[in-house]
2 protein chains.
Amino acid sequence: MKQSIELFDTTLRDGTQGEGINLSVQDKLLIAQRLDEFGIDIIEGGWPGSNPKDEEFFKKAKSLRLNNAKICAFGSTARDINNIESDANLLALLNSETSVVSIFGKTWRLHSQRGLNLTDEQNEELIFRSVEFLKRNNRRVIYDAEHFFDGWKDDKDFAMRMLKAAERGGADVLVLCDTNGGTMTDEVHSIVTEVCSIFQTPIGIHTHNDGELAVANSLAAINAGAVHVQGTINGIGERCGNANLCSIIPNLKLKYGFTTKTEINLEHLTSISNFVFELMNLAPNSRAAYVGKSAFAHKGGVHVSAVLKESKMYEHITPEVVGNKQRVLVSDLSGQSNIRYKAKELGIDLSGHKELSKKLVNFIKTLEHGGFQFDGAEASFELLLRSELNEFTPFFNVLDSKVNVVYDNKGQSHAEAVLKIEVDGEIEHTAADGNGPVNALDNALRKALLRFYPEISLIKLVDYKVRVLDEKDGTAAKVRVMIESSDGQESWTTVGVSENIIEASFQALSDSINYKLFKFQKQKSKLTA
Amino acid sequence: MKQSIELFDTTLRDGTQGEGINLSVQDKLLIAQRLDEFGIDIIEGGWPGSNPKDEEFFKKAKSLRLNNAKICAFGSTARDINNIESDANLLALLNSETSVVSIFGKTWRLHSQRGLNLTDEQNEELIFRSVEFLKRNNRRVIYDAEHFFDGWKDDKDFAMRMLKAAERGGADVLVLCDTNGGTMTDEVHSIVTEVCSIFQTPIGIHTHNDGELAVANSLAAINAGAVHVQGTINGIGERCGNANLCSIIPNLKLKYGFTTKTEINLEHLTSISNFVFELMNLAPNSRAAYVGKSAFAHKGGVHVSAVLKESKMYEHITPEVVGNKQRVLVSDLSGQSNIRYKAKELGIDLSGHKELSKKLVNFIKTLEHGGFQFDGAEASFELLLRSELNEFTPFFNVLDSKVNVVYDNKGQSHAEAVLKIEVDGEIEHTAADGNGPVNALDNALRKALLRFYPEISLIKLVDYKVRVLDEKDGTAAKVRVMIESSDGQESWTTVGVSENIIEASFQALSDSINYKLFKFQKQKSKLTA
C-alpha cells in the first residue's frame, strides 16, 4: 500500500516572499482558516524572529478553531554554538507556542563557509544542537535542508553529514530543499531515492519553480519515497515561486492514487485558489492547471464538437472534482456548435434554428474582427442572442449626450455629462457631474433611469478594464472596455468597443444595465406567473 | 554524444487556441520573423484548411526572409478514404506551398470510433494514405499522433498500429501527443522509451500543461530518446497551454547540455517572450521561469545580502545568459539602497546624497501609496529623480485645457481639445480634433509644441494601458495610465494617475514628451561639447 502523504503549506511564509505580495495579519488568519477547511496538515505561518507582523500572527492564530491543521513557526538554526539556549531566533520559535516548528540549516558548503564563515564542524554542530534544543522543548521539528540538491552535487559527503546531524538531533522530518529551483526532475528522483535508502527518518521535499519543474520535482521525490511535501497555493513565492499545491494535490490524489494524512476536500481546490489570489491582490492565472478559468475551456471547433459528444475526449479529469467547470468559448474560431452550447447554457434551445445559428456565427465573427470579444463578456453575448431571437429590446434609447472635461494647471478638474434618453416614449433630459468623464456619464445615466427603473440602484460596478487594440495607433487606437457589475447576488460582464474610450465605456455600461433589467423582468414575470 | 534536438514552435497555431488570444496576419508574420532570428527550426504557422486568415498568412509568409527556420502548415488526415487526392484539407496543405507539413491522426479508439465512426482498419488506412499522399508531393511530413498516451493506455496495440501506419506512409517524424495534458512524467518517460526501442523513425513530443507538467514531460521524453520537441513561446495554448519553449530550451541547453539542430540565440529568450506577450495583448507572466521579471528578483533580507556577496547562492543560472537581469526589490527595510541601485542604473551616483535618497524614498512611497508605480515606468522615475537633482525642468507648462465629447444615437461622435500652453514665456493657444478625448488632447499638445520643438514629430505612441485601482469604486475609481512611446530607436514608458482618465493620460503624455525632449537636449549638448 502507498504511504500517506503529509501536506505542508507555506503560502503564509515563503509565499509572501513573492514580488508584490503583501499579506496583512488578518489576511493570513483568513487564509489559515481556509487551508484548514481544505484539509492541509501543517500551515507554516511565518518567521516570528524576522518581523513583528509574524509575531502578531502567531499570537492571534492561537484563537483560530482548526479541525486538523497544525500551525508551524519557521526559523533558522542558532547563530552561535555557545549560545543555543539563548538564541533569539530559537526563542522566538518557542515563544510562538506552536506544537510544530520548522528550521533551516546550511547544506551547501558555499553557504556555510562563504556566507556564514563556519567550518564544517561548526555548521554540523549548530544543526545538531538547534534541532536537539527544540526537541527537548517538546516540539515536532521539521528540518529544512536548504540547498540540499546543490550541496549534494557540490559535495555529497558534506550534504549527508549535515543531514545526519539533524537526524541525530531528533528531527521528525528531513526536508530536502531545492532552494535555487534549478534542479532537473531525473536528478531529484535519483538523489531522493538514494537518501531514502539511507535514512530512517521520513523524508520531505521543498522545490522552487526556476526551471518550471517544481510540480514534477515534488512528484518525482514522492515517487522516490518522500512522504511530506511543501508548497504554496497557486505556487506563489520567491522569484518564480514555490511548488504549486493546487497542481501537486490533484496529481497525487487523482493520477497516482496517493492518500493524504488528513482528508483533502478536493472540490474546494478552485475556490481556495481564487480566494488566495484575491487576498494577494493578484489577477487569477486563467491558464492554471486544474483551477484556472481556462483549464476546461474549449475554443477550437473540432474540440468543441468532440467535447459535446464525450467530454473526456479533451478533458483529462471531470472539472467538478476540483470545483471547476467546463466552458465553451465563443470566438472567431468557433463554429455553430459553440453558439448552440452557449445558448443551451442560457436555457435557449437553438437546435431548431439552424439558419439563425449560422447567422449568429457570422455576426459574431464580424464583431470580433472589429475588436469585440465575447470570451469574457457573457452578458453582452446573451443580450445579442436574445435580441436576435426577438426576446429582448433595449429598456432605453439614448438620443443625445455630451461630456465636457475641463482642467487647469493646478490639477483641478471637472467632468460633466448631459444626457437625453427616451423610455417608452417619455423623454428624460438630465445632467450629472463625476470624477471623470465615464463616471459623469454613469451618474447621468443612473439618474435618468431611476424614476423608470428604481431597481437599478442595486447595480454596482465592481471592475472596469480597458484594453487598447491595434496598439501601434497610439491614442487613436480602438479600445475595448469590459465592465463587471454586481447586484450583491451575482456578477456579470459586458463589453464595448470604440476609438472613443467614453463611447466604448458607455456601450458596456448600457449593456450592463439592460442585462440586469432584463433579468429583473424575467424574475418578475416568473413570480406573477 | 547526445542527439541534436529539433525545435518546433506552434505559437502561431496551437498558441492561438488559448482563451482570449487573437493574432492578426501581420502579428503572425512579425512573430515568425522573431522565431527565425531566435533559432527555431520549424514554425507551424496555422491551419490553412480551417480559416481564411491562416491561408493569407501562408501566402504572405513566402516573402519572409528566413535564416534557418522552415514554415510548416498544419492539418488533419483526410476525411474519406476514397477521396484522398481531392481532400480539401490535404489540398489546402499543398496549396500553402510549405516544404514541411504536419498532420494529425487519431490514435485513441475513443476518438476514431466514437468521434469519427471509423473502424480500426479505416482509421489506419486514412493515416497511411494521407501521409503517403503528402510524401508523394515532396513534403517533409511531421505526423502528430493525437492523444497518443491516452490511446496507448487504453489499448497499446491500437496505438502502435496507428503509429506504424504513419511510418509506413513515410512520415519523417512521429510526434507523440499528450493532447489532454493529463499524463504524468514517469509514464511519459516509460512509454517514450518503449516507443523509441521499436521505431526507426525519429520520435517527437508534444505536451500540454493540464497537470502543470508539460515542461517536465517534454524533457522526460527527450531523455527517453525523442529528438523533436513541440511547444509555444510562453506556453500559451488551448486550456492550460502547451509546453513552454521558454523553459524547455534553456533547460535542454544549460542543464542537460543538449545541442539544437539550428543554433539558438539564448540571450534573446527574455525579449522574444516579452514580444509575444505584447503581440498577444497579455500581461507578461512576471513569475515565469528564466524570462519573468521576478525570475532573478530578490526581496528577502537574507537573500539580498547573500546575493550581493555571490549571486549563485540564490540564482541557478546567470540571468544575462537568457537576456534577463538581477533585480533587487524595494521593501520596507531596503528602501534607500534600492533607490541608489536604480539611480546607478541611470548613471547617477547618489552615494554622496544621503539626505536626498531618504527624501526620495519617502516621496516615492507617498506616490506609490497614491497608485503610482515606477517599476515599469522608468522614464517617469528618471524625470522625478532628475527634477529633485535640479537637472530637469519641464519643457512646457499647461495653463488651461478643455475637452468636449459629443455623440448621438447614430453612433456619430466628435472629440475636441482646446489647449493653452506656455514655453519660455510664449503662449500657444490651440485646438485639435481626435477619435476620442485622449487622442484629441494628444493631437493638440503636439500641434502646440511643434513650432518650439520640431523633434517631437519623431515620437510615436506604441502602447497605451489603463489599469483601474480600487476596483470596488467602479467608474469613480482611480486609474493608472501607462504609455509606451518610441522614436524608432528606443522606447520608454511613463505613468499618470488620477480619478479622471483623461487627466491621467495627459500626465503620462506630458512625461513622455518631456522625457524625450530631455534626452534630445542631452544629446545636443554632448554633440556641441
# chains A, B, ... in the order shown; residues from 1 in each chain; ligands from 1
$ calpha_fit_rmsd --fixed "chain B" --moving "chain A"
3.1 Å
$ closest_atom_pairs --of "chain B" --to "chain A" --cutoff "6 Å" --atoms "only C-alpha atoms" --output "tab-separated table"
residue	atom	partner	partner_atom	distance
B:Asn180	CA	A:Tyr314	CA	5.3
B:Gly182	CA	A:His316	CA	5.2
B:Asp210	CA	A:Ala289	CA	4.8
B:Gly211	CA	A:Ala289	CA	5.6
B:Glu212	CA	A:Ala289	CA	5.6
B:Leu213	CA	A:Ala216	CA	5.9
B:Ala216	CA	A:Leu213	CA	5.9
B:Arg239	CA	A:Ala295	CA	4.6
B:Cys240	CA	A:Arg287	CA	4.3
B:Arg287	CA	A:Cys240	CA	4.4
B:Ala288	CA	A:Cys240	CA	5.8
B:Ala289	CA	A:Asp210	CA	4.7
B:Ser294	CA	A:Arg239	CA	5.0
B:Ala295	CA	A:Arg239	CA	4.7
B:Phe296	CA	A:Arg239	CA	6.0
B:Ala297	CA	A:Arg239	CA	5.7
B:Tyr314	CA	A:Asn180	CA	5.4
B:Glu315	CA	A:Asn180	CA	5.8
B:His316	CA	A:Gly182	CA	5.2
B:Val398	CA	A:Asn409	CA	5.7
B:Leu399	CA	A:Asn409	CA	5.1
B:Asp400	CA	A:Asp408	CA	4.6
B:Ser401	CA	A:Tyr407	CA	5.7
B:Lys402	CA	A:Val406	CA	4.4
B:Val403	CA	A:Val405	CA	5.0
B:Asn404	CA	A:Asn404	CA	4.6
B:Val405	CA	A:Val403	CA	5.0
B:Val406	CA	A:Lys402	CA	4.4
B:Tyr407	CA	A:Ser401	CA	5.7
B:Asp408	CA	A:Asp400	CA	4.6
B:Asn409	CA	A:Leu399	CA	5.1
B:Asn435	CA	A:Glu499	CA	5.8
B:Gly436	CA	A:Asn500	CA	4.0
B:Asn439	CA	A:Thr475	CA	4.7
B:Leu461	CA	A:Gly474	CA	4.5
B:Val462	CA	A:Lys472	CA	4.9
B:Asp463	CA	A:Glu471	CA	5.1
B:Val466	CA	A:Val466	CA	5.7
B:Glu471	CA	A:Asp463	CA	5.1
B:Lys472	CA	A:Val462	CA	4.9
B:Gly474	CA	A:Leu461	CA	4.5
B:Thr475	CA	A:Asn439	CA	4.7
B:Ala476	CA	A:Asn439	CA	5.4
B:Glu499	CA	A:Asn435	CA	5.8
B:Asn500	CA	A:Gly436	CA	4.0
$ select_by_dssp --residues "stretch 72-220 of chain B" --states "helix (DSSP H, G or I)" --output "PDB file with C-alpha atoms, in the first residue's frame"
ATOM      1  CA  ILE B  81     -10.528   7.007 -47.901  1.00  0.00           C
ATOM      2  CA  ASN B  82     -11.996   7.219 -51.370  1.00  0.00           C
ATOM      3  CA  ASN B  83     -11.133  10.866 -51.799  1.00  0.00           C
ATOM      4  CA  ALA B  88      -9.977  19.757 -49.267  1.00  0.00           C
ATOM      5  CA  ASN B  89      -7.856  19.728 -46.129  1.00  0.00           C
ATOM      6  CA  LEU B  90      -4.876  17.948 -47.715  1.00  0.00           C
ATOM      7  CA  LEU B  91      -5.106  20.156 -50.797  1.00  0.00           C
ATOM      8  CA  ALA B  92      -5.075  23.252 -48.594  1.00  0.00           C
ATOM      9  CA  LEU B  93      -1.831  21.933 -47.083  1.00  0.00           C
ATOM     10  CA  LEU B  94      -0.274  21.543 -50.526  1.00  0.00           C
ATOM     11  CA  ASN B  95      -1.580  24.931 -51.637  1.00  0.00           C
ATOM     12  CA  ARG B 109     -10.045   4.366 -30.314  1.00  0.00           C
ATOM     13  CA  LEU B 110     -12.470   6.563 -28.375  1.00  0.00           C
ATOM     14  CA  HIS B 111     -11.847   9.251 -30.999  1.00  0.00           C
ATOM     15  CA  SER B 112     -11.745   7.191 -34.179  1.00  0.00           C
ATOM     16  CA  GLN B 113     -14.711   5.042 -33.249  1.00  0.00           C
ATOM     17  CA  ARG B 114     -16.914   7.339 -31.195  1.00  0.00           C
ATOM     18  CA  GLY B 115     -15.830  10.693 -32.643  1.00  0.00           C
ATOM     19  CA  ASP B 120      -9.798   0.432 -36.890  1.00  0.00           C
ATOM     20  CA  GLU B 121      -8.947  -0.551 -40.459  1.00  0.00           C
ATOM     21  CA  GLN B 122     -10.450   2.618 -41.896  1.00  0.00           C
ATOM     22  CA  ASN B 123      -8.569   4.846 -39.452  1.00  0.00           C
ATOM     23  CA  GLU B 124      -5.309   3.046 -40.156  1.00  0.00           C
ATOM     24  CA  GLU B 125      -5.834   3.365 -43.895  1.00  0.00           C
ATOM     25  CA  LEU B 126      -6.657   7.092 -43.640  1.00  0.00           C
ATOM     26  CA  ILE B 127      -3.431   7.735 -41.738  1.00  0.00           C
ATOM     27  CA  PHE B 128      -1.308   5.670 -44.097  1.00  0.00           C
ATOM     28  CA  ARG B 129      -2.752   7.142 -47.278  1.00  0.00           C
ATOM     29  CA  SER B 130      -2.797  10.755 -46.061  1.00  0.00           C
ATOM     30  CA  VAL B 131       0.881  10.628 -45.108  1.00  0.00           C
ATOM     31  CA  GLU B 132       1.766   8.759 -48.262  1.00  0.00           C
ATOM     32  CA  PHE B 133      -0.050  11.348 -50.435  1.00  0.00           C
ATOM     33  CA  LEU B 134       1.850  14.251 -48.855  1.00  0.00           C
ATOM     34  CA  LYS B 135       5.172  12.407 -49.181  1.00  0.00           C
ATOM     35  CA  ARG B 136       4.430  11.741 -52.837  1.00  0.00           C
ATOM     36  CA  PHE B 148      -1.020   9.035 -28.155  1.00  0.00           C
ATOM     37  CA  PHE B 149      -0.579   8.489 -24.416  1.00  0.00           C
ATOM     38  CA  ASP B 150      -4.280   8.112 -23.643  1.00  0.00           C
ATOM     39  CA  GLY B 151      -4.641   5.853 -26.674  1.00  0.00           C
ATOM     40  CA  TRP B 152      -1.697   3.710 -25.557  1.00  0.00           C
ATOM     41  CA  LYS B 153      -3.041   3.339 -22.026  1.00  0.00           C
ATOM     42  CA  ASP B 154      -6.459   2.411 -23.403  1.00  0.00           C
ATOM     43  CA  LYS B 156      -1.472  -0.266 -26.666  1.00  0.00           C
ATOM     44  CA  ASP B 157      -1.821  -2.419 -29.777  1.00  0.00           C
ATOM     45  CA  PHE B 158      -4.251   0.006 -31.375  1.00  0.00           C
ATOM     46  CA  ALA B 159      -1.982   2.998 -30.703  1.00  0.00           C
ATOM     47  CA  MET B 160       1.082   1.183 -32.078  1.00  0.00           C
ATOM     48  CA  ARG B 161      -0.785   0.062 -35.168  1.00  0.00           C
ATOM     49  CA  MET B 162      -1.840   3.643 -35.993  1.00  0.00           C
ATOM     50  CA  LEU B 163       1.685   4.935 -35.448  1.00  0.00           C
ATOM     51  CA  LYS B 164       3.053   2.208 -37.706  1.00  0.00           C
ATOM     52  CA  ALA B 165       0.608   3.264 -40.431  1.00  0.00           C
ATOM     53  CA  ALA B 166       2.167   6.734 -40.379  1.00  0.00           C
ATOM     54  CA  GLU B 167       5.674   5.272 -40.517  1.00  0.00           C
ATOM     55  CA  ARG B 168       4.683   3.035 -43.417  1.00  0.00           C
ATOM     56  CA  GLY B 169       3.304   6.102 -45.196  1.00  0.00           C
ATOM     57  CA  THR B 185       6.085  12.426 -16.136  1.00  0.00           C
ATOM     58  CA  ASP B 186       7.144   8.874 -15.242  1.00  0.00           C
ATOM     59  CA  GLU B 187       4.507   7.466 -17.625  1.00  0.00           C
ATOM     60  CA  VAL B 188       5.752   9.693 -20.441  1.00  0.00           C
ATOM     61  CA  HIS B 189       9.287   8.504 -19.805  1.00  0.00           C
ATOM     62  CA  SER B 190       8.484   4.812 -19.840  1.00  0.00           C
ATOM     63  CA  ILE B 191       6.142   4.973 -22.853  1.00  0.00           C
ATOM     64  CA  VAL B 192       8.572   7.045 -24.957  1.00  0.00           C
ATOM     65  CA  THR B 193      11.414   4.682 -24.015  1.00  0.00           C
ATOM     66  CA  GLU B 194       9.396   1.746 -25.306  1.00  0.00           C
ATOM     67  CA  VAL B 195       8.304   3.532 -28.500  1.00  0.00           C
ATOM     68  CA  CYS B 196      11.897   4.586 -29.250  1.00  0.00           C
ATOM     69  CA  SER B 197      13.052   0.994 -28.921  1.00  0.00           C
ATOM     70  CA  ILE B 198      10.551  -0.149 -31.570  1.00  0.00           C
ATOM     71  CA  ALA B 214       4.298  19.992 -19.792  1.00  0.00           C
ATOM     72  CA  VAL B 215       7.939  21.090 -19.464  1.00  0.00           C
ATOM     73  CA  ALA B 216       8.933  18.085 -17.336  1.00  0.00           C
ATOM     74  CA  ASN B 217       7.112  15.725 -19.701  1.00  0.00           C
ATOM     75  CA  SER B 218       8.911  17.161 -22.738  1.00  0.00           C
ATOM     76  CA  LEU B 219      12.281  16.792 -21.033  1.00  0.00           C
ATOM     77  CA  ALA B 220      11.452  13.254 -19.900  1.00  0.00           C
TER      78      ALA B 220
END
$ residues_around --residues "B:Ala343" --least-positions-apart "5" --cutoff "12 Å" --atoms "only C-alpha atoms" --output "number ranges by chain"
B: 336-338, 348-351, 353, 356-357, 360-361, 378-379, 381-386, 389
$ closest_residue --among "B:Arg65, B:Lys516, B:Lys70, B:Arg140" --to "B:Val101" --atoms "only C-alpha atoms"
B:Arg140
$ select_by_dssp --residues "stretch 369-417 of chain A" --states "strand (DSSP E)" --output "ChimeraX atom specification"
/A:397-408,413-417
$ closest_residue --among "A:Phe392, A:Leu12, A:Ala61, A:Arg34" --to "A:Phe74" --atoms "only C-alpha atoms"
A:Leu12
$ closest_residue --among "A:Glu355, A:Ile84, A:Pro202, A:Leu308" --to "A:Lys342" --atoms "only C-alpha atoms"
A:Leu308
$ closest_residue --among "A:Glu391, A:Gln507, A:Gly46, A:Phe199" --to "A:Gln521" --atoms "only C-alpha atoms"
A:Glu391
